[in-house]
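Q: The structure's right below; bear with me while I get my questions together.
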Amino acid sequence: MSTIRFVHCADLHLGAKFSMLPRQVADARRQCQLDAFAAAVDIALDDALPADVFLIAGDSFDAATPPLRELSFFNSQLRRLKDNGVRTFIIPGNHDQYQPGSWWDRSEPPAEAVFKKPGLHKHIVAILELTIAALPADPTKSSVNLLRDLELNIETDRSILLLHGTWLNFGRDECDVEYHPFSSDDLAKLPVDYVALGHFHGIRDATPLDGPTAFYPGTPEAIAFGTGCEDAGCVIVGSIAEDGNVAVEQRKVARGRHRRLRIDCTNQSPESLERLVADDLARDDYVLVELGGMPCAETAVAANELKEKLQGMCAHIDVTVEFNQIGEIPEDNVFFVKFRDAIEQKLVDAPEEDKPKWRRVLELGTVAFLSA
Ligand SMILES: [Mn+2]
């Protein structure tokens with residue numbers, strides 16, 4: 001008996017729409033998804049440490065009917081694994097859920113096993129003394145905790161469970177859809193060595209205090225801004241030793257990084273605002289900047305030019321501007337207009353070190369006018 005090596009990925013969401021991005025950028029992101037999946041397969045085929053099994057814990061595709069390009073790419077990567085002796089195990093998720101007659105029935109991915117239908121499945125790989133157990137989702141009963149009354153008997157020395165669902169102890173559902181929820185206590189009771197989870201889009205260690213190692217790898221390539229996607233871009237590479245000892249590490253496969261920056265512009269100068277966004281900007285970043293607060297006039301102008309200024313520094317940047325009230329004082333309020341024009345003139349004339357003070361005067365004065 002030798003050490004078992006595995007690669008665990010989930011939530012590939014191949015063919016995602018990326019509807020928040022312009023069409024060309026969305027196309028490029030879909031290509032990045034395919035590249036990230038191929039990178040995960042490359043890791044499994046690593047000459048020095050090839051994997052024995054490749055696990056996909058749900059949501060291989062973004063939709064129940066995947067686009068043909070994605071479907072054939074997916075199958076070609078599974079073929080690479082199979083041709084090199086790596087056994088692939090797949091469960092559907094809530095996005096690519098199984099229905100009789102769906103593509104899961106029409107397309108036969110070249111995997112060792114696709115666990116499609118609801119219920120407990122067990123697949124023994126005798127040569128590895130390994131059981132792969134799976135609890136594919138039941139779309140008609142997605143609020144049911146599949147672990148609560150589970151009777152799982154394992155007859156081999158080593159075992160892995162595949163499950164797509166919401167880990168309740170994380171505090172919130174990162175995917176907005178609570179799906180086959182379970183708790184850390186449920187995980188702790190499982191008689192397996194490793195739980196290969198899917199559904200959350202960031203990498204999460206769900207290992208209970210006393211129980212099997214359990215991980216969400218997150219999406220290999222981020223598909224949205226927020227909802228865990230800041231921590232996306234990885235797969236889990238792990239091993240189960242002869243004594244059942246499990247070791248895992250995360251491996252980056254993503255090319256791009258999705259980042260959402262929320263900035264209160266109230267006390268920012270144009271320069272400090274630009275620095276806040278630009279400082280840690282990388283070529284392959286997809287960035288959504290949400291500007292709020294109540295900036296001075298100079299910063300408000302700079303905010304509107306931010307996108308143009310920074311778009312060459314990253315793959316894509318979008319800036320939304322939602323400032324409080326400042327524009328809502330009517331221009332026919334002559335006292336306010338006089339005050340504002342006078343302070344803005346001060347801002348132009350004042351030496352650099354005095355400008356923050358005048359910005360503050362403008363802010364406070366505006367607030368005073370607003371509440372008058
Ligand atoms: Mn999901």
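Here, A, B, ... name the chains of the structure tokens in the order displayed, residue numbers run from 1 inside each chain, and ligands are numbered from 1 in the same displayed order.
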Go through the chains and note each residue within 10 Å of ligand 1, using only C-alpha atoms and all ligand atoms, then give the set as a PyMOL selection string.

A: chain A and resi 10-13+57-62+92-97+164-166+174-179+198-201+218-219

Q: Quick check for you: according to DSSP on this backbone, which residues of stretch 8-180 of chain A are classed as strand (DSSP E)? Reply as number ranges by chain.

A: A: 8-9, 53-57, 87-91, 113-114, 121-125, 130-135, 158-164

Q: Can you write just those residues out, C-alpha atoms, as an mmCIF file, in the first residue's frame?

A:
```cif
data_model
loop_
_atom_site.group_PDB
_atom_site.id
_atom_site.type_symbol
_atom_site.label_atom_id
_atom_site.label_comp_id
_atom_site.auth_asym_id
_atom_site.auth_seq_id
_atom_site.Cartn_x
_atom_site.Cartn_y
_atom_site.Cartn_z
ATOM 1 C CA HIS A 8 -9.487 18.180 -5.576
ATOM 2 C CA CYS A 9 -11.228 20.928 -7.505
ATOM 3 C CA VAL A 53 -7.418 10.366 -8.299
ATOM 4 C CA PHE A 54 -8.908 13.635 -9.553
ATOM 5 C CA LEU A 55 -12.005 14.890 -7.745
ATOM 6 C CA ILE A 56 -14.597 17.382 -8.997
ATOM 7 C CA ALA A 57 -17.000 18.281 -6.184
ATOM 8 C CA ARG A 87 -9.118 8.179 -12.076
ATOM 9 C CA THR A 88 -11.648 11.015 -12.111
ATOM 10 C CA PHE A 89 -14.713 11.160 -9.869
ATOM 11 C CA ILE A 90 -17.450 13.743 -10.382
ATOM 12 C CA ILE A 91 -20.661 14.857 -8.696
ATOM 13 C CA ALA A 113 -17.350 7.438 -12.121
ATOM 14 C CA VAL A 114 -19.908 10.210 -12.460
ATOM 15 C CA HIS A 121 -22.766 5.999 -3.774
ATOM 16 C CA LYS A 122 -19.646 3.990 -2.989
ATOM 17 C CA HIS A 123 -16.934 3.163 -5.462
ATOM 18 C CA ILE A 124 -14.014 1.004 -4.380
ATOM 19 C CA VAL A 125 -10.636 1.277 -6.072
ATOM 20 C CA LEU A 130 -9.618 3.357 -1.347
ATOM 21 C CA THR A 131 -13.356 4.029 -1.206
ATOM 22 C CA ILE A 132 -14.763 7.075 -2.947
ATOM 23 C CA ALA A 133 -18.159 7.812 -1.414
ATOM 24 C CA ALA A 134 -20.437 10.447 -2.914
ATOM 25 C CA LEU A 135 -23.647 12.203 -1.978
ATOM 26 C CA ARG A 158 -8.745 4.803 3.144
ATOM 27 C CA SER A 159 -11.706 6.839 2.001
ATOM 28 C CA ILE A 160 -12.903 10.145 0.583
ATOM 29 C CA LEU A 161 -16.406 11.649 0.488
ATOM 30 C CA LEU A 162 -17.598 14.025 -2.256
ATOM 31 C CA LEU A 163 -20.282 16.548 -1.303
ATOM 32 C CA HIS A 164 -21.645 19.817 -2.721
#
```

Q: Which residues are close to stretch 260-273 of chain A, i.e. within 6 Å by only C-alpha atoms, leaving aside same-chain residues fewer than 5 positions away? Reply as a PyMOL selection string.

A: chain A and resi 225+287-295+299+302

Q: Could you please determine the separation between atom CA of A:Ala48 and atom CA of A:Arg5 in Å, to one decimal place?

A: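 Rounded to one decimal, the two atoms are 11.7 Å apart.
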
Q: Near stretch 26-34 of chain A, counting only C-alpha atoms, which residues have an atom at most 6 Å away, once you skip same-chain residues fewer than 6 positions from it, shown as number ranges by chain?

A: A: 15, 18, 221

Q: In Å, how far is it from atom CA of A:Glu230 to atom CA of A:Pro66?

A: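 Atom CA of A:Pro66 lies 25.0 Å from atom CA of A:Glu230.
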
Q: Have a look at A:Ser72, A:Asn84, A:Ser184, A:Thr320 and name the one nearest to A:Leu14; count only C-alpha atoms.

A: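 Counting only C-alpha atoms, the residue closest to A:Leu14 is A:Ser72.
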
Q: So which bits of stretch 6-159 of chain A end up alpha helix (DSSP H) when you DSSP the backbone, as a count of residues only?

A: 42
